[in-house]
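Structure data (compact mmCIF, C-alpha atoms and all ligand atoms) from model-v9.txt:
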# COMPACT_ATOMS: atom_id res chain seq x y z
CA MET A 1 -4.58 -2.18 5.18
CA CYS A 2 -1.91 0.01 3.62
CA LEU A 3 -3.70 3.18 4.61
CA ALA A 4 -1.59 5.28 6.89
CA VAL A 5 -2.52 8.41 8.81
CA PRO A 6 -0.75 11.27 10.59
CA MET A 7 -1.01 11.10 14.40
CA GLU A 8 0.55 13.16 17.17
CA VAL A 9 2.91 11.41 19.58
CA THR A 10 1.87 12.17 23.17
CA GLU A 11 3.98 9.71 25.14
CA ILE A 12 7.21 7.79 24.59
CA ASN A 13 8.40 4.77 26.60
CA ASP A 14 11.53 3.44 24.95
CA PHE A 15 10.42 2.14 21.54
CA ARG A 16 6.72 2.17 22.33
CA GLY A 17 4.45 5.13 22.79
CA ILE A 18 1.02 6.62 22.49
CA ALA A 19 -0.22 8.65 19.54
CA ARG A 20 -3.50 10.43 18.99
CA MET A 21 -5.64 11.74 16.20
CA GLY A 22 -8.80 13.66 17.01
CA GLY A 23 -10.12 12.04 20.17
CA VAL A 24 -8.55 8.65 19.49
CA SER A 25 -5.36 7.54 21.27
CA ARG A 26 -3.56 4.29 20.61
CA ASP A 27 -0.41 2.35 21.45
CA VAL A 28 2.16 2.60 18.71
CA ASN A 29 5.52 1.06 17.95
CA LEU A 30 8.26 3.70 17.54
CA MET A 31 11.15 1.37 16.66
CA LEU A 32 11.41 2.71 13.10
CA VAL A 33 11.63 6.39 14.14
CA PRO A 34 14.35 6.54 16.82
CA ASP A 35 14.56 10.36 16.67
CA VAL A 36 10.89 10.96 17.50
CA LYS A 37 9.97 13.49 20.22
CA VAL A 38 6.73 14.08 22.11
CA GLY A 39 4.63 16.51 20.07
CA ASP A 40 5.91 15.24 16.70
CA TYR A 41 3.43 14.07 14.13
CA VAL A 42 4.19 10.66 12.66
CA ILE A 43 2.67 8.52 9.92
CA ILE A 44 1.17 5.44 11.57
CA HIS A 45 0.89 2.29 9.49
CA ALA A 46 -0.14 -1.12 10.92
CA GLY A 47 0.52 0.11 14.45
CA SER A 48 4.00 1.48 13.74
CA ALA A 49 5.32 4.96 13.11
CA ILE A 50 7.10 4.83 9.75
CA SER A 51 8.06 8.48 9.28
CA ILE A 52 8.14 11.78 11.20
CA LEU A 53 6.30 14.66 9.54
CA SER A 54 8.17 17.89 8.93
CA GLU A 55 6.14 20.98 9.68
CA GLN A 56 8.62 23.16 7.82
CA GLU A 57 8.28 21.07 4.65
CA ALA A 58 4.50 21.00 4.99
CA LYS A 59 4.41 24.80 5.12
CA LYS A 60 6.73 25.08 2.11
CA THR A 61 4.46 22.76 0.13
CA LEU A 62 1.35 24.74 1.09
CA ASP A 63 3.08 27.96 -0.03
CA LEU A 64 3.98 26.37 -3.36
CA LEU A 65 0.44 25.08 -3.80
CA GLY A 66 -0.86 28.59 -3.26
CA GLU A 67 1.49 29.89 -5.96
CA ILE A 68 0.34 27.33 -8.54
CA GLY A 69 -3.10 28.84 -8.13
CA MET A 70 -1.81 32.35 -8.78
CA ASP A 71 0.11 31.33 -11.91
CA SER A 72 -3.02 30.09 -13.60
CA GLU A 73 -5.01 33.25 -13.04
CA MET B 1 -0.92 21.94 11.54
CA LYS B 2 -2.96 18.74 11.28
CA TYR B 3 -1.42 17.64 7.97
CA MET B 4 -4.77 16.70 6.47
CA THR B 5 -7.42 19.41 6.16
CA GLU B 6 -4.82 21.95 4.99
CA PHE B 7 -4.32 19.80 1.89
CA ARG B 8 -8.02 19.61 1.00
CA ASP B 9 -8.74 23.23 0.08
CA GLY B 10 -11.29 23.18 -2.74
CA GLU B 11 -10.40 26.60 -4.11
CA ILE B 12 -6.73 25.70 -4.51
CA ALA B 13 -7.76 22.37 -6.05
CA GLU B 14 -9.72 24.22 -8.72
CA LYS B 15 -6.79 26.49 -9.44
CA ILE B 16 -4.47 23.52 -9.83
CA ALA B 17 -7.06 21.94 -12.13
CA GLY B 18 -6.99 25.17 -14.16
CA ALA B 19 -3.20 25.01 -14.41
CA ILE B 20 -3.36 21.37 -15.52
CA LYS B 21 -5.92 22.18 -18.23
CA LYS B 22 -3.83 25.08 -19.47
CA GLN B 23 -0.55 23.21 -19.60
CA SER B 24 -1.60 19.74 -20.76
CA ARG B 25 -1.30 19.34 -24.56
CA LYS B 26 -0.12 15.79 -25.20
CA LYS B 27 -2.50 12.89 -24.60
CA ILE B 28 -1.06 10.89 -21.73
CA ARG B 29 -1.78 7.86 -19.56
CA VAL B 30 -0.60 8.24 -15.98
CA MET B 31 -0.46 5.28 -13.60
CA GLU B 32 -1.07 5.66 -9.89
CA PHE B 33 0.04 2.29 -8.61
CA CYS B 34 -0.81 2.71 -4.95
CA GLY B 35 -4.34 1.69 -3.93
CA GLY B 36 -4.36 4.58 -1.44
CA HIS B 37 -3.99 7.00 -4.35
CA THR B 38 -6.79 5.30 -6.29
CA ILE B 39 -9.07 5.78 -3.28
CA SER B 40 -8.28 9.52 -2.99
CA LEU B 41 -8.61 10.03 -6.74
CA LEU B 42 -12.09 8.59 -6.90
CA LYS B 43 -13.28 9.72 -3.48
CA TYR B 44 -12.54 13.35 -4.31
CA GLY B 45 -13.72 13.02 -7.91
CA ILE B 46 -10.34 14.10 -9.28
CA PRO B 47 -10.73 12.42 -12.71
CA ASP B 48 -13.72 14.74 -13.33
CA LEU B 49 -11.43 17.76 -12.83
CA LEU B 50 -8.91 16.57 -15.42
CA PRO B 51 -8.91 17.45 -19.12
CA ASP B 52 -9.49 14.76 -21.77
CA THR B 53 -5.77 14.66 -22.45
CA ILE B 54 -5.11 12.82 -19.17
CA GLU B 55 -6.17 9.27 -18.48
CA MET B 56 -5.47 7.87 -15.01
CA VAL B 57 -4.72 4.14 -14.83
CA SER B 58 -4.66 2.13 -11.60
CA GLY B 59 -1.81 -0.26 -10.98
CA PRO B 60 -0.77 -3.23 -8.86
CA GLY B 61 -0.42 -1.37 -5.56
CA CYS B 62 -2.98 -3.17 -3.44
CA PRO B 63 -1.09 -5.60 -1.20
CA VAL B 64 -4.11 -7.78 -0.57
CA CYS B 65 -4.85 -8.06 -4.30
CA VAL B 66 -1.38 -9.18 -5.32
CA THR B 67 -1.18 -11.89 -2.64
CA SER B 68 -1.18 -15.12 -4.63
CA ARG B 69 -3.59 -18.00 -4.28
CA GLY B 70 -0.64 -20.18 -3.32
CA GLU B 71 0.19 -17.90 -0.41
CA ILE B 72 -3.40 -18.03 0.83
CA ASP B 73 -3.51 -21.81 0.35
CA THR B 74 -0.31 -22.11 2.40
CA ALA B 75 -1.81 -20.00 5.19
CA ILE B 76 -4.91 -22.22 5.21
CA GLN B 77 -2.75 -25.35 5.19
CA LEU B 78 -0.92 -24.08 8.29
CA THR B 79 -4.19 -23.67 10.17
CA GLU B 80 -4.97 -27.37 9.67
CA ASN B 81 -2.48 -27.98 12.49
CA PRO B 82 -4.51 -27.77 15.74
CA ASP B 83 -1.57 -26.22 17.56
CA VAL B 84 -1.44 -23.25 15.21
CA ILE B 85 -3.05 -19.85 15.61
CA LEU B 86 -2.91 -17.77 12.42
CA ALA B 87 -2.98 -13.98 12.83
CA SER B 88 -3.97 -11.94 9.78
CA PHE B 89 -4.98 -8.44 8.74
CA GLY B 90 -8.77 -8.29 8.43
CA ASP B 91 -9.10 -7.76 4.70
CA MET B 92 -6.94 -10.79 3.89
CA ILE B 93 -9.40 -13.29 5.25
CA ARG B 94 -12.01 -12.85 2.52
CA VAL B 95 -9.63 -13.26 -0.41
CA PRO B 96 -10.34 -16.46 -2.32
CA GLY B 97 -7.56 -19.07 -2.37
CA THR B 98 -7.69 -22.03 -4.76
CA SER B 99 -10.60 -23.76 -3.04
CA GLU B 100 -11.48 -21.53 -0.11
CA SER B 101 -10.70 -18.33 1.79
CA LEU B 102 -9.35 -17.97 5.33
CA ARG B 103 -12.82 -16.92 6.41
CA GLN B 104 -14.26 -20.22 5.16
CA ALA B 105 -11.46 -22.10 6.92
CA LYS B 106 -12.25 -20.18 10.11
CA ALA B 107 -15.92 -21.11 9.84
CA LYS B 108 -14.81 -24.75 9.76
CA GLY B 109 -12.92 -24.30 13.00
CA ALA B 110 -9.43 -23.02 12.09
CA ASP B 111 -8.05 -20.69 14.77
CA ILE B 112 -7.63 -17.46 12.82
CA ARG B 113 -7.38 -14.13 14.63
CA ILE B 114 -7.67 -10.72 13.03
CA VAL B 115 -4.98 -8.28 14.09
CA TYR B 116 -4.38 -4.62 13.38
CA SER B 117 -0.60 -4.84 13.71
CA PRO B 118 2.04 -7.58 13.77
CA ASP B 119 2.83 -6.55 17.36
CA ASP B 120 -0.68 -7.74 18.27
CA ALA B 121 0.29 -11.16 16.87
CA VAL B 122 3.41 -11.20 19.07
CA LYS B 123 1.15 -10.47 22.03
CA ILE B 124 -1.12 -13.39 21.11
CA ALA B 125 1.98 -15.61 20.94
CA ASP B 126 3.12 -14.38 24.35
CA GLU B 127 -0.31 -15.20 25.81
CA ASN B 128 -0.48 -18.65 24.12
CA ARG B 129 2.93 -20.16 24.72
CA GLY B 130 1.67 -23.71 24.11
CA LYS B 131 0.66 -22.80 20.53
CA ASP B 132 2.57 -21.72 17.45
CA VAL B 133 1.36 -18.28 16.42
CA ILE B 134 1.93 -17.40 12.78
CA PHE B 135 1.53 -13.89 11.44
CA PHE B 136 0.41 -13.90 7.80
CA ALA B 137 2.48 -10.96 6.63
CA VAL B 138 1.40 -9.15 3.47
CA GLY B 139 2.26 -5.71 2.19
CA PHE B 140 4.95 -3.70 0.47
CA GLU B 141 7.91 -1.83 1.93
CA THR B 142 5.57 0.16 4.17
CA THR B 143 4.56 -3.00 6.02
CA ALA B 144 7.69 -5.15 5.71
CA PRO B 145 9.79 -3.14 8.22
CA VAL B 146 6.84 -3.24 10.63
CA THR B 147 6.84 -7.04 10.37
CA ALA B 148 10.64 -7.03 10.78
CA SER B 149 10.34 -4.95 13.94
CA SER B 150 7.75 -7.42 15.32
CA ILE B 151 10.28 -10.20 14.84
CA LYS B 152 12.83 -8.14 16.75
CA LEU B 153 10.23 -7.51 19.44
CA ALA B 154 9.48 -11.25 19.75
CA GLU B 155 13.19 -11.94 20.04
CA ALA B 156 13.64 -9.27 22.74
CA MET B 157 10.65 -10.63 24.68
CA GLY B 158 11.86 -14.24 24.36
CA VAL B 159 8.65 -15.20 22.58
CA ASP B 160 9.86 -18.28 20.71
CA ASN B 161 6.47 -19.46 19.43
CA TYR B 162 6.03 -16.51 17.03
CA PHE B 163 6.51 -17.13 13.30
CA VAL B 164 5.93 -15.20 10.10
CA LEU B 165 4.45 -16.51 6.86
CA SER B 166 5.84 -13.81 4.63
CA ALA B 167 3.91 -12.83 1.53
CA HIS B 168 5.62 -9.44 1.49
CA LYS B 169 6.33 -7.94 -1.92
CA THR B 170 8.84 -5.29 -2.89
CA THR B 171 8.43 -2.49 -5.39
CA PRO B 172 11.55 -2.54 -7.64
CA GLY B 173 10.60 -5.86 -9.26
CA ILE B 174 7.09 -4.75 -10.11
CA LEU B 175 8.38 -1.51 -11.64
CA GLY B 176 10.42 -3.57 -14.08
CA ALA B 177 7.40 -5.74 -14.85
CA LEU B 178 5.25 -2.68 -15.55
CA LEU B 179 7.83 -1.30 -17.95
CA ALA B 180 7.79 -4.59 -19.83
CA GLU B 181 3.98 -4.46 -20.34
CA GLU B 182 2.60 -3.73 -23.78
CA VAL B 183 0.41 -0.99 -22.32
CA ARG B 184 1.64 2.56 -22.84
CA LEU B 185 2.22 4.56 -19.68
CA ASP B 186 3.64 8.07 -19.85
CA GLY B 187 4.24 8.81 -16.20
CA PHE B 188 3.82 7.56 -12.66
CA ILE B 189 2.33 8.89 -9.46
CA CYS B 190 4.56 7.01 -7.01
CA PRO B 191 3.50 5.72 -3.57
CA GLY B 192 4.31 8.17 -0.79
CA HIS B 193 4.54 5.82 2.14
CA VAL B 194 6.50 3.09 0.37
CA THR B 195 8.98 5.75 -0.75
CA ALA B 196 9.17 7.15 2.81
CA ILE B 197 10.85 3.81 3.62
CA THR B 198 12.79 3.02 0.45
CA GLY B 199 13.86 6.43 -0.83
CA THR B 200 13.70 7.35 -4.51
CA ALA B 201 16.65 5.47 -6.07
CA MET B 202 14.41 2.61 -7.22
CA TYR B 203 12.61 4.85 -9.73
CA LYS B 204 15.71 5.29 -11.88
CA PRO B 205 14.78 2.54 -14.39
CA LEU B 206 11.49 4.40 -14.98
CA THR B 207 13.04 7.84 -15.47
CA ASP B 208 15.75 6.23 -17.64
CA ALA B 209 12.88 4.96 -19.80
CA CYS B 210 11.61 8.58 -20.04
CA LYS B 211 8.73 8.14 -17.60
CA PRO B 212 8.38 11.01 -15.13
CA CYS B 213 7.97 9.82 -11.54
CA VAL B 214 6.31 12.01 -8.92
CA VAL B 215 6.16 10.74 -5.33
CA SER B 216 2.84 11.88 -3.93
CA GLY B 217 0.94 12.22 -0.69
CA PHE B 218 -2.68 11.14 -0.38
CA GLU B 219 -4.67 14.33 0.12
CA PRO B 220 -6.46 15.78 -2.91
CA LEU B 221 -4.06 18.75 -3.29
CA ASP B 222 -1.10 16.36 -3.13
CA ILE B 223 -2.48 14.26 -5.96
CA MET B 224 -3.61 17.19 -8.10
CA SER B 225 -0.23 18.89 -7.85
CA SER B 226 1.55 15.60 -8.55
CA ILE B 227 -0.49 15.19 -11.73
CA LEU B 228 0.47 18.75 -12.67
CA SER B 229 4.16 17.87 -12.15
CA VAL B 230 3.85 14.85 -14.44
CA VAL B 231 2.17 17.03 -17.07
CA GLN B 232 4.90 19.66 -16.83
CA GLN B 233 7.63 17.07 -17.23
CA VAL B 234 5.90 15.41 -20.19
CA GLU B 235 5.37 18.75 -21.92
CA LYS B 236 9.03 19.64 -21.42
CA ASN B 237 10.14 16.19 -22.56
CA VAL B 238 12.02 15.48 -19.37
CA ALA B 239 11.72 12.60 -16.92
CA THR B 240 12.98 12.94 -13.37
CA THR B 241 11.92 11.71 -9.97
CA GLU B 242 10.28 14.48 -7.99
CA ILE B 243 9.23 14.29 -4.36
CA ASN B 244 5.93 16.10 -4.01
CA TYR B 245 5.44 14.85 -0.43
CA ARG B 246 8.43 16.35 1.34
CA ARG B 247 6.69 16.58 4.67
CA VAL B 248 7.00 12.79 4.88
CA VAL B 249 9.47 11.58 2.23
CA SER B 250 13.20 12.19 1.83
CA SER B 251 15.23 10.98 -1.14
CA SER B 252 17.18 8.52 1.01
CA GLY B 253 14.11 7.09 2.79
CA ASN B 254 14.05 5.81 6.37
CA PRO B 255 17.52 4.38 7.18
CA THR B 256 16.38 2.68 10.41
CA ALA B 257 13.59 0.84 8.60
CA GLN B 258 15.94 -0.15 5.77
CA LYS B 259 18.46 -1.48 8.28
CA ILE B 260 15.91 -3.55 10.22
CA MET B 261 14.48 -4.97 6.99
CA GLY B 262 17.97 -5.87 5.80
CA GLU B 263 18.84 -7.59 9.07
CA VAL B 264 15.68 -9.68 9.25
CA PHE B 265 14.82 -10.48 5.60
CA SER B 266 16.47 -11.82 2.48
CA PRO B 267 14.97 -11.39 -1.00
CA VAL B 268 13.18 -14.36 -2.59
CA ASP B 269 11.27 -14.87 -5.82
CA ALA B 270 7.60 -14.09 -5.26
CA VAL B 271 4.37 -14.83 -7.10
CA TRP B 272 2.20 -11.77 -7.71
CA ARG B 273 -1.43 -12.57 -8.27
CA GLY B 274 -2.33 -11.87 -11.87
CA ILE B 275 1.25 -11.12 -12.81
CA GLY B 276 3.27 -14.24 -12.04
CA VAL B 277 6.71 -14.86 -10.59
CA ILE B 278 8.94 -11.81 -10.27
CA PRO B 279 12.52 -12.66 -9.26
CA ASN B 280 13.69 -11.29 -5.91
CA SER B 281 10.47 -9.37 -5.32
CA GLY B 282 9.55 -11.10 -2.06
CA LEU B 283 11.08 -11.24 1.43
CA LYS B 284 11.63 -14.08 3.88
CA PRO B 285 13.09 -14.08 7.40
CA ASP B 286 16.66 -15.26 7.04
CA GLY B 287 20.13 -15.36 8.60
CA ALA B 288 19.96 -14.85 12.34
CA TYR B 289 16.16 -14.62 12.01
CA LYS B 290 15.55 -17.73 9.88
CA ARG B 291 13.92 -19.53 12.80
CA PHE B 292 11.00 -17.07 12.53
CA ASP B 293 10.18 -18.24 8.98
CA ALA B 294 6.95 -20.28 9.11
CA CYS B 295 7.74 -22.03 5.81
CA ALA B 296 11.10 -23.25 7.14
CA LYS B 297 9.62 -24.25 10.50
CA PHE B 298 6.74 -26.26 9.01
CA GLY B 299 8.56 -27.47 5.89
CA LEU B 300 6.15 -25.75 3.50
CA LYS B 301 6.71 -24.41 0.04
CA ILE B 302 4.39 -21.81 -1.44
CA THR B 303 2.82 -23.16 -4.63
CA THR B 304 2.62 -21.14 -7.80
CA ASP B 305 -0.71 -22.19 -9.33
CA GLU B 306 -2.22 -18.97 -10.58
CA LYS B 307 -5.55 -19.57 -12.26
CA GLU B 308 -8.05 -16.73 -11.85
CA THR B 309 -11.73 -17.51 -11.34
CA ARG B 310 -13.48 -17.68 -14.72
CA GLY B 311 -14.46 -14.29 -16.02
CA CYS B 312 -12.42 -12.31 -13.48
CA ILE B 313 -9.95 -9.97 -15.14
CA CYS B 314 -8.15 -8.83 -11.98
CA ASP B 315 -4.89 -9.89 -13.59
CA LYS B 316 -5.34 -7.36 -16.40
CA ILE B 317 -6.59 -4.67 -14.03
CA LEU B 318 -3.52 -5.05 -11.80
CA ARG B 319 -1.31 -4.52 -14.83
CA GLY B 320 -3.17 -1.43 -16.03
CA LEU B 321 -4.50 -3.17 -19.17
CA LYS B 322 -8.21 -3.05 -18.25
CA LYS B 323 -10.58 -1.17 -16.00
CA PRO B 324 -13.22 -2.62 -13.66
CA VAL B 325 -16.06 -1.65 -16.03
CA ASP B 326 -14.46 -3.86 -18.68
CA CYS B 327 -15.30 -6.87 -16.49
CA LYS B 328 -18.67 -8.49 -17.20
CA LEU B 329 -18.91 -9.58 -13.56
CA PHE B 330 -18.43 -6.07 -12.16
CA ASN B 331 -21.47 -5.28 -10.04
CA THR B 332 -23.45 -8.08 -11.66
CA VAL B 333 -22.01 -11.14 -9.98
CA CYS B 334 -19.09 -9.46 -8.23
CA ALA B 335 -19.56 -6.87 -5.47
CA PRO B 336 -17.76 -6.15 -2.19
CA GLU B 337 -20.18 -8.31 -0.16
CA GLU B 338 -19.62 -11.31 -2.45
CA PRO B 339 -16.27 -10.71 -4.18
CA VAL B 340 -15.26 -12.97 -7.04
CA GLY B 341 -11.73 -11.67 -7.41
CA ALA B 342 -9.16 -10.19 -5.06
CA CYS B 343 -9.53 -6.68 -6.54
CA MET B 344 -13.07 -6.53 -5.15
CA VAL B 345 -12.11 -7.75 -1.67
CA SER B 346 -9.73 -5.23 -0.26
CA ASP B 347 -10.67 -1.64 0.46
CA GLU B 348 -7.65 -0.76 -1.65
CA GLY B 349 -8.59 -3.05 -4.53
CA THR B 350 -9.29 -1.24 -7.79
CA CYS B 351 -12.66 -2.92 -8.38
CA SER B 352 -13.81 -2.24 -4.83
CA ILE B 353 -12.75 1.42 -5.05
CA TYR B 354 -14.52 1.92 -8.39
CA TYR B 355 -17.57 0.18 -6.97
CA ARG B 356 -17.68 2.44 -3.92
CA PHE B 357 -16.58 5.77 -5.30
CA GLY B 358 -16.41 5.68 -9.09
CA LYS B 359 -19.01 7.12 -11.38
CA GLU B 360 -18.55 4.00 -13.51
CA GLY B 361 -19.64 1.97 -10.49
CA ARG B 362 -22.56 4.27 -9.89
CA GLU B 363 -23.58 4.08 -13.53
CA VAL B 364 -23.51 0.31 -13.50
CA ALA B 365 -25.38 0.32 -10.19
CA ALA B 366 -28.10 2.53 -11.71
CA ARG B 367 -28.74 0.17 -14.59
S1 LIG C 401 -15.16 -7.04 -10.91
FE1 LIG C 401 -14.75 -8.88 -9.68
S2 LIG C 401 -14.54 -10.51 -11.16
FE2 LIG C 401 -14.34 -8.60 -12.29
S3 LIG C 401 -12.14 -8.17 -12.31
FE3 LIG C 401 -12.95 -7.14 -10.53
S4 LIG C 401 -12.69 -8.60 -8.87
FE4 LIG C 401 -12.47 -9.77 -10.77
What is this structure when it is put down as structure tokens?
Amino acid sequence: MCLAVPMEVTEINDFRGIARMGGVSRDVNLMLVPDVKVGDYVIIHAGSAISILSEQEAKKTLDLLGEIGMDSE
Amino acid sequence: MKYMTEFRDGEIAEKIAGAIKKQSRKKIRVMEFCGGHTISLLKYGIPDLLPDTIEMVSGPGCPVCVTSRGEIDTAIQLTENPDVILASFGDMIRVPGTSESLRQAKAKGADIRIVYSPDDAVKIADENRGKDVIFFAVGFETTAPVTASSIKLAEAMGVDNYFVLSAHKTTPGILGALLAEEVRLDGFICPGHVTAITGTAMYKPLTDACKPCVVSGFEPLDIMSSILSVVQQVEKNVATTEINYRRVVSSSGNPTAQKIMGEVFSPVDAVWRGIGVIPNSGLKPDGAYKRFDACAKFGLKITTDEKETRGCICDKILRGLKKPVDCKLFNTVCAPEEPVGACMVSDEGTCSIYYRFGKEGREVAAR
């Protein structure tokens, strides 16, 4: 039940909205992420968005992961 | 960017494994205490990629597994009232209480509904105004603010027949309990989504005790690189809290979630299954939101009787002292279809994960 997944927010109505992953869309509660915008990815847990994903940070991490590989060669 | 597949690249995983092998000298035991991490570890076969110097140990981070018998008994007791509808997450209903599970109570006629989110329980309350609808709330800091926001939602909607039986547990108390265990742990892979809410300050007692803490995401590359970070810290003899999941987690956490939790809940002592009472490690609706507390409304007190079923060693598994294969009942008497202990019930329970994904489980199954 604690499993949480990234989903893309496609619609916002006050503190509720719709988020989708693959072909699946669902109603979500956005009360915990007041700064969310349409197009943001959020982590959905038990029907609520608990955190907004940062694309910039994701890219930085992927770059770093690539470098770890190079170090060990 | 989909934030999933990018972090599953097999080639990079092998390179990280190479770096771990090269850099790991000291023999260490690393605890991942989130059930979500245990699933990824075993599902992607990560232990097979690690050198003999590293032993991964699962911890108490399965919310269903640490829910005490007393809490389940209290939930069942509430359903004996014909005007009560109990709403629960699906995997809670199979967990054995002292004499029965919620599923058995449901079979006898108790009105128990399975919900995906606490907001669904508010909706049931709105549609059944003549009944008292109680949400059986379990989970750590990832779930607690979601429950708190459902209470705010009920208040805003004027739904006054919604109540919460809170079995929520909080992380700081359990960290202290783990440090006090006799078992040696050299570092921690810390739960990404809990930390997204709480921030990293709570790990200070661990780093003060020289245990590196690395907050990790749940994809295989996240976990591999987090293990590498623990190794690097151990080899350098340092212990700090690192966030290796920056796309989701900031050091200060989610301030809105913290605020809502603080407004709705007060800390209480809580019983952790297999571990016992940990002071101030639970949450109950309080202050302006006290009227939402099911225990207060129905005059109930959660009991603390904590006897495990004979032979089940869930208590030791939750504390990192034993592994599922050490249990004689594992895959002989106890399996996910007929679980004996809580660790075999939930998808995030250590025994269930080892049964489904672990080579130990497969070996036992092949016997
Ligand atoms: S295998 Fe079953 S009986 Fe044994 S510890 Fe796990 S849950 Fe308990």
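Considering the residues A:Gly47, A:Gly17, A:Gly39, A:Gly23 and counting all atoms listed in the file, chain B has its shortest atom-to-atom contact with A:Gly47.
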Contacts to ligand LIG 401 (chain C) at 10 Å cut-off (only C-alpha atoms and all ligand atoms) as an MDAnalysis selection string: chainID B and resid 65 308:318 322:336 338:346 349:352 354:355
At most 7 Å to chain A: residues in chain B, all atoms listed in the file, as a VMD selection string: chain B and resid 3 12 15 to 16 18 to 19 36 116 to 117 146 149 196 246 to 248 256 to 257
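Here CA of Glu80 in chain B stands at a distance of 11.2 Å from CA of Leu102 in chain B.
A straight line drawn from CA of Phe33 in chain B to CA of Cys190 in chain B is 6.7 Å long.
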Residues within 7 Å of Asn244 in chain B, all atoms listed in the file, excluding chain neighbours under 2 positions, as number ranges by chain: B: 214-216, 226, 242, 246
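Counting from CA of Ile278 in chain B, the distance to CA of Thr79 in chain B is 27.0 Å.
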Spatial neighbours of Lys211 in chain B, max dist 10 Å, only C-alpha atoms, sep filter under 4 positions, as a PyMOL selection string: chain B and resi 30+179+185-188+203-207+230+233-234+237-241
Surrounding residues of Gly97 in chain B excluding itself and chain neighbours under 4 positions, 12 Å, only C-alpha atoms, as a PyMOL selection string: chain B and resi 64-65+67-77+92-93+101-105+273+303-309+340-342
Please produce a file of those selected residues containing C-alpha atoms, as a CSV table (one decimal), in the coordinates of the input.
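Saved as result-v3.csv:
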chain,number,residue,atom,x,y,z
B,64,VAL,CA,-4.1,-7.8,-0.6
B,65,CYS,CA,-4.8,-8.1,-4.3
B,67,THR,CA,-1.2,-11.9,-2.6
B,68,SER,CA,-1.2,-15.1,-4.6
B,69,ARG,CA,-3.6,-18.0,-4.3
B,70,GLY,CA,-0.6,-20.2,-3.3
B,71,GLU,CA,0.2,-17.9,-0.4
B,72,ILE,CA,-3.4,-18.0,0.8
B,73,ASP,CA,-3.5,-21.8,0.4
B,74,THR,CA,-0.3,-22.1,2.4
B,75,ALA,CA,-1.8,-20.0,5.2
B,76,ILE,CA,-4.9,-22.2,5.2
B,77,GLN,CA,-2.8,-25.4,5.2
B,92,MET,CA,-6.9,-10.8,3.9
B,93,ILE,CA,-9.4,-13.3,5.2
B,101,SER,CA,-10.7,-18.3,1.8
B,102,LEU,CA,-9.4,-18.0,5.3
B,103,ARG,CA,-12.8,-16.9,6.4
B,104,GLN,CA,-14.3,-20.2,5.2
B,105,ALA,CA,-11.5,-22.1,6.9
B,273,ARG,CA,-1.4,-12.6,-8.3
B,303,THR,CA,2.8,-23.2,-4.6
B,304,THR,CA,2.6,-21.1,-7.8
B,305,ASP,CA,-0.7,-22.2,-9.3
B,306,GLU,CA,-2.2,-19.0,-10.6
B,307,LYS,CA,-5.6,-19.6,-12.3
B,308,GLU,CA,-8.0,-16.7,-11.8
B,309,THR,CA,-11.7,-17.5,-11.3
B,340,VAL,CA,-15.3,-13.0,-7.0
B,341,GLY,CA,-11.7,-11.7,-7.4
B,342,ALA,CA,-9.2,-10.2,-5.1
Near-range 283-289 of chain B list (6 Å; only C-alpha atoms; drop same-chain fewer than 4 positions) as a ChimeraX atom specification: /B:166,168,264-268,293
Would you export the selected residues with C-alpha atoms as a compact mmCIF listing (two decimals), in the coordinates of the input, please?
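The file below, out-v9.txt, is the result:
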# COMPACT_ATOMS: atom_id res chain seq x y z
CA SER B 166 5.84 -13.81 4.63
CA HIS B 168 5.62 -9.44 1.49
CA VAL B 264 15.68 -9.68 9.25
CA PHE B 265 14.82 -10.48 5.60
CA SER B 266 16.47 -11.82 2.48
CA PRO B 267 14.97 -11.39 -1.00
CA VAL B 268 13.18 -14.36 -2.59
CA ASP B 293 10.18 -18.24 8.98
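Comparing A:Ala19, A:Ile44, A:Asp63, A:Val38 by their smallest distance to His193 in chain B, the closest is A:Ile44 (using all atoms listed in the file).
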